[in-house]
Structure formats: structure tokens, C-alpha cells
>>> print(open('coords-v4.txt').read())   # compact mmCIF, N, CA and C atoms
# COMPACT_ATOMS: atom_id res chain seq x y z
N GLU A 1 92.78 106.78 118.04
CA GLU A 1 92.06 105.78 117.31
C GLU A 1 92.97 105.06 116.31
N PHE A 2 93.75 105.85 115.59
CA PHE A 2 94.63 105.29 114.58
C PHE A 2 95.68 104.37 115.21
N VAL A 3 96.25 104.80 116.32
CA VAL A 3 97.27 104.00 116.99
C VAL A 3 96.67 102.68 117.47
N GLU A 4 95.47 102.71 117.97
CA GLU A 4 94.80 101.48 118.41
C GLU A 4 94.56 100.53 117.23
N LYS A 5 94.17 101.11 116.10
CA LYS A 5 93.97 100.31 114.90
C LYS A 5 95.27 99.62 114.48
N LEU A 6 96.38 100.35 114.56
CA LEU A 6 97.69 99.78 114.22
C LEU A 6 98.04 98.63 115.17
N LYS A 7 97.73 98.79 116.45
CA LYS A 7 98.03 97.75 117.42
C LYS A 7 97.23 96.48 117.15
N ARG A 8 95.97 96.64 116.74
CA ARG A 8 95.12 95.49 116.46
C ARG A 8 95.55 94.78 115.18
N GLY A 9 96.03 95.56 114.20
CA GLY A 9 96.50 94.99 112.94
C GLY A 9 95.37 94.37 112.15
N PRO A 10 95.63 93.78 111.03
CA PRO A 10 96.94 93.80 110.36
C PRO A 10 97.19 95.15 109.69
N VAL A 11 98.46 95.44 109.43
CA VAL A 11 98.86 96.65 108.72
C VAL A 11 99.37 96.22 107.35
N ILE A 12 98.80 96.81 106.31
CA ILE A 12 99.13 96.40 104.95
C ILE A 12 99.44 97.64 104.10
N PHE A 13 100.54 97.55 103.35
CA PHE A 13 100.83 98.51 102.29
C PHE A 13 100.75 97.73 100.99
N MET A 14 99.99 98.23 100.04
CA MET A 14 99.71 97.43 98.86
C MET A 14 99.77 98.29 97.60
N THR A 15 100.21 97.69 96.51
CA THR A 15 100.20 98.34 95.20
C THR A 15 99.12 97.67 94.36
N VAL A 16 98.26 98.47 93.78
CA VAL A 16 97.20 97.95 92.93
C VAL A 16 97.52 98.36 91.49
N ILE A 17 97.53 97.38 90.59
CA ILE A 17 97.80 97.65 89.18
C ILE A 17 96.58 97.25 88.36
N PRO A 18 96.47 97.79 87.14
CA PRO A 18 95.31 97.45 86.31
C PRO A 18 95.28 95.97 85.94
N ASN A 19 94.09 95.48 85.62
CA ASN A 19 93.93 94.09 85.16
C ASN A 19 94.68 93.88 83.86
N GLY A 20 94.99 92.62 83.58
CA GLY A 20 95.61 92.27 82.31
C GLY A 20 97.09 92.02 82.44
N PRO A 21 97.68 91.58 81.35
CA PRO A 21 99.11 91.26 81.37
C PRO A 21 99.97 92.52 81.46
N ILE A 22 101.12 92.38 82.06
CA ILE A 22 102.10 93.46 82.12
C ILE A 22 102.95 93.35 80.86
N THR A 23 102.99 94.41 80.08
CA THR A 23 103.76 94.37 78.85
C THR A 23 105.18 94.87 79.11
N MET A 24 106.16 94.03 78.75
CA MET A 24 107.55 94.40 78.96
C MET A 24 107.95 95.59 78.11
N SER A 25 107.35 95.74 76.94
CA SER A 25 107.74 96.86 76.08
C SER A 25 107.45 98.19 76.76
N LYS A 26 106.32 98.31 77.40
CA LYS A 26 105.97 99.54 78.10
C LYS A 26 106.95 99.81 79.23
N VAL A 27 107.26 98.79 80.01
CA VAL A 27 108.17 98.93 81.14
C VAL A 27 109.58 99.30 80.65
N LEU A 28 110.04 98.64 79.59
CA LEU A 28 111.38 98.93 79.07
C LEU A 28 111.47 100.34 78.49
N VAL A 29 110.43 100.81 77.83
CA VAL A 29 110.43 102.18 77.32
C VAL A 29 110.49 103.16 78.48
N GLN A 30 109.73 102.91 79.54
CA GLN A 30 109.77 103.79 80.71
C GLN A 30 111.15 103.78 81.36
N TRP A 31 111.77 102.60 81.45
CA TRP A 31 113.11 102.50 82.03
C TRP A 31 114.12 103.26 81.18
N PHE A 32 114.02 103.13 79.87
CA PHE A 32 114.91 103.85 78.96
C PHE A 32 114.78 105.36 79.15
N ILE A 33 113.56 105.84 79.22
CA ILE A 33 113.32 107.27 79.44
C ILE A 33 113.91 107.70 80.79
N TYR A 34 113.72 106.87 81.80
CA TYR A 34 114.27 107.16 83.13
C TYR A 34 115.79 107.27 83.08
N THR A 35 116.45 106.34 82.40
CA THR A 35 117.91 106.41 82.32
C THR A 35 118.36 107.65 81.54
N LEU A 36 117.60 108.05 80.52
CA LEU A 36 117.93 109.29 79.81
C LEU A 36 117.82 110.51 80.72
N VAL A 37 116.77 110.55 81.53
CA VAL A 37 116.58 111.67 82.46
C VAL A 37 117.71 111.69 83.48
N VAL A 38 118.07 110.54 84.03
CA VAL A 38 119.18 110.49 84.99
C VAL A 38 120.47 110.96 84.32
N GLY A 39 120.70 110.51 83.09
CA GLY A 39 121.88 110.94 82.36
C GLY A 39 121.90 112.45 82.11
N MET A 40 120.75 113.00 81.77
CA MET A 40 120.68 114.45 81.56
C MET A 40 120.93 115.22 82.85
N LEU A 41 120.40 114.72 83.97
CA LEU A 41 120.65 115.38 85.25
C LEU A 41 122.12 115.29 85.63
N ALA A 42 122.73 114.13 85.40
CA ALA A 42 124.16 113.98 85.68
C ALA A 42 124.97 114.91 84.76
N ALA A 43 124.55 115.04 83.50
CA ALA A 43 125.23 115.95 82.57
C ALA A 43 125.10 117.39 83.04
N TYR A 44 123.92 117.75 83.52
CA TYR A 44 123.72 119.11 84.01
C TYR A 44 124.65 119.42 85.18
N VAL A 45 124.68 118.52 86.17
CA VAL A 45 125.52 118.76 87.35
C VAL A 45 126.99 118.79 86.96
N ALA A 46 127.42 117.83 86.16
CA ALA A 46 128.83 117.79 85.74
C ALA A 46 129.18 119.02 84.90
N GLY A 47 128.31 119.38 83.98
CA GLY A 47 128.57 120.53 83.13
C GLY A 47 128.59 121.84 83.89
N ALA A 48 127.79 121.93 84.95
CA ALA A 48 127.74 123.15 85.75
C ALA A 48 128.92 123.27 86.70
N THR A 49 129.58 122.15 86.99
CA THR A 49 130.66 122.19 87.99
C THR A 49 132.05 121.92 87.42
N LEU A 50 132.13 121.34 86.22
CA LEU A 50 133.42 120.95 85.67
C LEU A 50 133.65 121.57 84.30
N PRO A 51 134.82 122.18 84.09
CA PRO A 51 135.11 122.73 82.75
C PRO A 51 135.59 121.65 81.80
N ALA A 52 135.62 121.99 80.52
CA ALA A 52 136.20 121.08 79.53
C ALA A 52 137.66 120.84 79.90
N GLY A 53 138.13 119.64 79.66
CA GLY A 53 139.51 119.30 79.98
C GLY A 53 139.71 118.77 81.39
N THR A 54 138.63 118.64 82.15
CA THR A 54 138.74 118.08 83.50
C THR A 54 139.19 116.63 83.40
N PRO A 55 140.10 116.21 84.28
CA PRO A 55 140.58 114.82 84.22
C PRO A 55 139.45 113.79 84.40
N TYR A 56 139.67 112.63 83.81
CA TYR A 56 138.69 111.54 83.81
C TYR A 56 138.13 111.26 85.20
N LEU A 57 139.00 111.07 86.19
CA LEU A 57 138.52 110.66 87.52
C LEU A 57 137.63 111.71 88.18
N SER A 58 137.90 112.99 87.93
CA SER A 58 137.04 114.04 88.49
C SER A 58 135.65 114.01 87.86
N VAL A 59 135.62 113.84 86.54
CA VAL A 59 134.33 113.75 85.84
C VAL A 59 133.59 112.49 86.30
N PHE A 60 134.32 111.37 86.39
CA PHE A 60 133.74 110.11 86.86
C PHE A 60 133.11 110.28 88.24
N ARG A 61 133.82 110.97 89.13
CA ARG A 61 133.33 111.14 90.50
C ARG A 61 132.04 111.96 90.54
N VAL A 62 132.00 113.09 89.85
CA VAL A 62 130.82 113.96 89.89
C VAL A 62 129.63 113.31 89.19
N ALA A 63 129.84 112.83 87.97
CA ALA A 63 128.73 112.22 87.22
C ALA A 63 128.27 110.93 87.89
N GLY A 64 129.21 110.13 88.38
CA GLY A 64 128.86 108.87 89.03
C GLY A 64 128.08 109.09 90.32
N ALA A 65 128.52 110.06 91.12
CA ALA A 65 127.81 110.35 92.38
C ALA A 65 126.40 110.86 92.11
N THR A 66 126.27 111.72 91.10
CA THR A 66 124.94 112.23 90.75
C THR A 66 124.03 111.09 90.29
N ALA A 67 124.56 110.22 89.45
CA ALA A 67 123.76 109.08 88.97
C ALA A 67 123.42 108.13 90.12
N PHE A 68 124.36 107.89 91.04
CA PHE A 68 124.10 107.00 92.17
C PHE A 68 122.97 107.55 93.03
N ILE A 69 122.98 108.84 93.27
CA ILE A 69 121.90 109.45 94.06
C ILE A 69 120.55 109.22 93.36
N ALA A 70 120.53 109.39 92.04
CA ALA A 70 119.28 109.22 91.31
C ALA A 70 118.83 107.77 91.27
N TYR A 71 119.76 106.85 91.04
CA TYR A 71 119.39 105.44 90.89
C TYR A 71 119.15 104.72 92.21
N ALA A 72 119.82 105.11 93.29
CA ALA A 72 119.80 104.28 94.49
C ALA A 72 119.32 104.96 95.76
N VAL A 73 119.74 106.16 96.02
CA VAL A 73 119.49 106.75 97.33
C VAL A 73 118.00 106.92 97.61
N GLY A 74 117.23 107.26 96.60
CA GLY A 74 115.78 107.43 96.80
C GLY A 74 115.08 106.14 97.21
N LEU A 75 115.69 105.00 96.90
CA LEU A 75 115.08 103.71 97.26
C LEU A 75 115.14 103.43 98.75
N TRP A 76 116.09 104.05 99.43
CA TRP A 76 116.27 103.78 100.86
C TRP A 76 115.02 104.15 101.67
N GLN A 77 114.23 105.08 101.18
CA GLN A 77 113.02 105.49 101.89
C GLN A 77 112.04 104.33 102.05
N GLN A 78 112.06 103.40 101.11
CA GLN A 78 111.15 102.26 101.20
C GLN A 78 111.42 101.42 102.44
N SER A 79 112.68 101.27 102.80
CA SER A 79 113.01 100.51 104.02
C SER A 79 112.77 101.33 105.27
N ILE A 80 112.98 102.63 105.18
CA ILE A 80 112.78 103.49 106.35
C ILE A 80 111.30 103.61 106.69
N TRP A 81 110.46 103.90 105.70
CA TRP A 81 109.06 104.21 105.96
C TRP A 81 108.11 103.04 105.77
N TYR A 82 108.44 102.09 104.91
CA TYR A 82 107.47 101.05 104.56
C TYR A 82 107.93 99.64 104.91
N ASN A 83 108.96 99.54 105.72
CA ASN A 83 109.44 98.24 106.21
C ASN A 83 109.87 97.27 105.11
N ARG A 84 110.27 97.77 103.96
CA ARG A 84 110.85 96.87 102.96
C ARG A 84 112.13 96.30 103.58
N PRO A 85 112.39 95.02 103.42
CA PRO A 85 113.60 94.45 104.00
C PRO A 85 114.86 95.18 103.49
N TRP A 86 115.77 95.48 104.42
CA TRP A 86 117.00 96.17 104.03
C TRP A 86 117.81 95.34 103.04
N SER A 87 117.69 94.03 103.11
CA SER A 87 118.43 93.19 102.15
C SER A 87 117.96 93.47 100.72
N THR A 88 116.67 93.69 100.54
CA THR A 88 116.14 94.04 99.22
C THR A 88 116.65 95.40 98.79
N THR A 89 116.62 96.36 99.70
CA THR A 89 117.10 97.70 99.38
C THR A 89 118.59 97.68 99.04
N LEU A 90 119.37 96.88 99.74
CA LEU A 90 120.80 96.79 99.45
C LEU A 90 121.05 96.17 98.08
N ARG A 91 120.25 95.19 97.68
CA ARG A 91 120.39 94.62 96.33
C ARG A 91 120.07 95.67 95.27
N HIS A 92 119.01 96.45 95.50
CA HIS A 92 118.67 97.51 94.56
C HIS A 92 119.75 98.60 94.55
N THR A 93 120.33 98.86 95.71
CA THR A 93 121.42 99.83 95.79
C THR A 93 122.62 99.36 94.99
N LEU A 94 122.92 98.06 95.04
CA LEU A 94 124.02 97.52 94.24
C LEU A 94 123.73 97.71 92.75
N ASP A 95 122.51 97.46 92.32
CA ASP A 95 122.12 97.72 90.93
C ASP A 95 122.35 99.19 90.58
N GLY A 96 121.92 100.08 91.48
CA GLY A 96 122.10 101.51 91.26
C GLY A 96 123.57 101.89 91.18
N LEU A 97 124.40 101.23 92.00
CA LEU A 97 125.84 101.49 91.96
C LEU A 97 126.43 101.08 90.61
N ILE A 98 126.00 99.94 90.10
CA ILE A 98 126.50 99.49 88.79
C ILE A 98 126.12 100.48 87.70
N TYR A 99 124.86 100.92 87.67
CA TYR A 99 124.43 101.91 86.69
C TYR A 99 125.19 103.22 86.87
N ALA A 100 125.44 103.62 88.11
CA ALA A 100 126.17 104.86 88.37
C ALA A 100 127.62 104.75 87.89
N LEU A 101 128.25 103.60 88.11
CA LEU A 101 129.62 103.41 87.65
C LEU A 101 129.69 103.47 86.12
N LEU A 102 128.72 102.86 85.46
CA LEU A 102 128.66 102.92 83.99
C LEU A 102 128.44 104.36 83.51
N THR A 103 127.56 105.08 84.19
CA THR A 103 127.30 106.47 83.81
C THR A 103 128.53 107.32 84.02
N GLY A 104 129.14 107.22 85.20
CA GLY A 104 130.35 108.01 85.48
C GLY A 104 131.48 107.68 84.51
N GLY A 105 131.65 106.39 84.22
CA GLY A 105 132.69 105.98 83.29
C GLY A 105 132.46 106.52 81.89
N THR A 106 131.22 106.50 81.45
CA THR A 106 130.89 107.02 80.12
C THR A 106 131.13 108.52 80.05
N PHE A 107 130.72 109.24 81.08
CA PHE A 107 130.95 110.68 81.09
C PHE A 107 132.44 110.99 81.12
N GLY A 108 133.20 110.29 81.95
CA GLY A 108 134.64 110.51 82.00
C GLY A 108 135.31 110.25 80.67
N TRP A 109 134.89 109.21 79.99
CA TRP A 109 135.44 108.82 78.70
C TRP A 109 135.13 109.84 77.61
N LEU A 110 133.88 110.34 77.60
CA LEU A 110 133.44 111.23 76.53
C LEU A 110 133.55 112.73 76.86
N TRP A 111 134.11 113.06 78.04
CA TRP A 111 134.19 114.47 78.45
C TRP A 111 135.06 115.24 77.47
N PRO A 112 134.63 116.46 77.07
CA PRO A 112 135.41 117.21 76.08
C PRO A 112 136.80 117.61 76.60
N MET A 113 137.77 117.55 75.69
CA MET A 113 139.14 117.96 76.02
C MET A 113 139.21 119.49 76.08
N GLY A 114 140.11 119.98 76.88
CA GLY A 114 140.25 121.44 77.04
C GLY A 114 141.01 122.13 75.98
>>> encode(input="coords-v4.txt", output="C-alpha cells")
Amino acid sequence: EFVEKLKRGPVIFMTVIPNGPITMSKVLVQWFIYTLVVGMLAAYVAGATLPAGTPYLSVFRVAGATAFIAYAVGLWQQSIWYNRPWSTTLRHTLDGLIYALLTGGTFGWLWPMG
């Protein structure tokens, strides 16, 4: 029955949000909290795998890769399962890469000396 319904169409995936204006302050606070959580997870992984005094590039690699996974890789599911255009996902992945590079660079710069 379900397959027949899909064949007849239309097929819609939709997001429903509450009435009223979208407040940027709420969205920005949520984004800030999200970046803090990603930073803490990157700190956990880097701290669990790298000792103090680790060279900049090694810290950059571990923290940056962890942040990239958090910021970008999870978005790929939208194109796989929900037919989001891959071009959109690639643009979001580029954004995630930029945030990951900034995160990795900051961790490498501030990593404690041995």
C-alpha cells in the first residue's frame, strides 16, 4: 500500500514551525551553545588522545577532524535520505570545514606546552 502511495505521489517532507516571527537572538544563542558543545567534544577527544606538548599540526588534525565530523558529516544524511540537493549539502559542508579549521587552529595555538 505504501509503495503504491509513493508511486502516485506527491511525496513531501516538510518542517512546521510555530506562528510568529523568527527571532534571531534565539537562533544565535542556540548556535553559540552548539559551537560550545562541539568545542567541548573536540577538547575531550584531543585531551584523551594527545599529551601536553604535542606539536601544533597534530593537535590541529585531531581537533579539526573532530569538529568537522560534528559540523558537517551529520548533514550528509539529508541528501542521502531526504533528497536534499547535494549542492546544498556541499555548501554546508564547506561552512563546516571553515568552522573545523578555525577550531583546529585555535586548539593547536592554545594547546599546553609540555
>>> residues_around(input="coords-v4.txt", residues="A:Phe13", least_positions_apart="3", cutoff="12 Å", atoms="only C-alpha atoms", output="list in words")
Pro10, Val16, Gln78, Trp81, Tyr82, Asn83 and Arg84 of chain A
>>> closest_residue(input="coords-v4.txt", among="A:Leu90, A:Met24, A:Met14, A:Met40", to="A:Leu75", atoms="only C-alpha atoms")
A:Leu90
>>> atom_distance(input="coords-v4.txt", atom1="atom CA of A:Ala70", atom2="atom CA of A:Ala46")
14.0 Å
>>> select_by_dssp(input="coords-v4.txt", residues="stretch 12-75 of chain A", states="helix (DSSP H, G or I)", output="JSON, numbers by chain")
{"A": [24, 25, 26, 27, 28, 29, 30, 31, 32, 33, 34, 35, 36, 37, 38, 39, 40, 41, 42, 43, 44, 45, 46, 47, 48, 49, 56, 57, 58, 59, 60, 61, 62, 63, 64, 65, 66, 67, 68, 69, 70, 71, 73, 74, 75]}
>>> closest_residue(input="coords-v4.txt", among="A:Leu28, A:Leu50, A:Ala63, A:Val73", to="A:Leu102", atoms="all atoms listed in the file")
A:Ala63
>>> closest_residue(input="coords-v4.txt", among="A:Ser79, A:Ile33, A:Gly114, A:Gly108", to="A:Leu57", atoms="all atoms listed in the file")
A:Gly108
>>> atom_distance(input="coords-v4.txt", atom1="atom CA of A:Thr66", atom2="atom CA of A:Val45")
7.4 Å
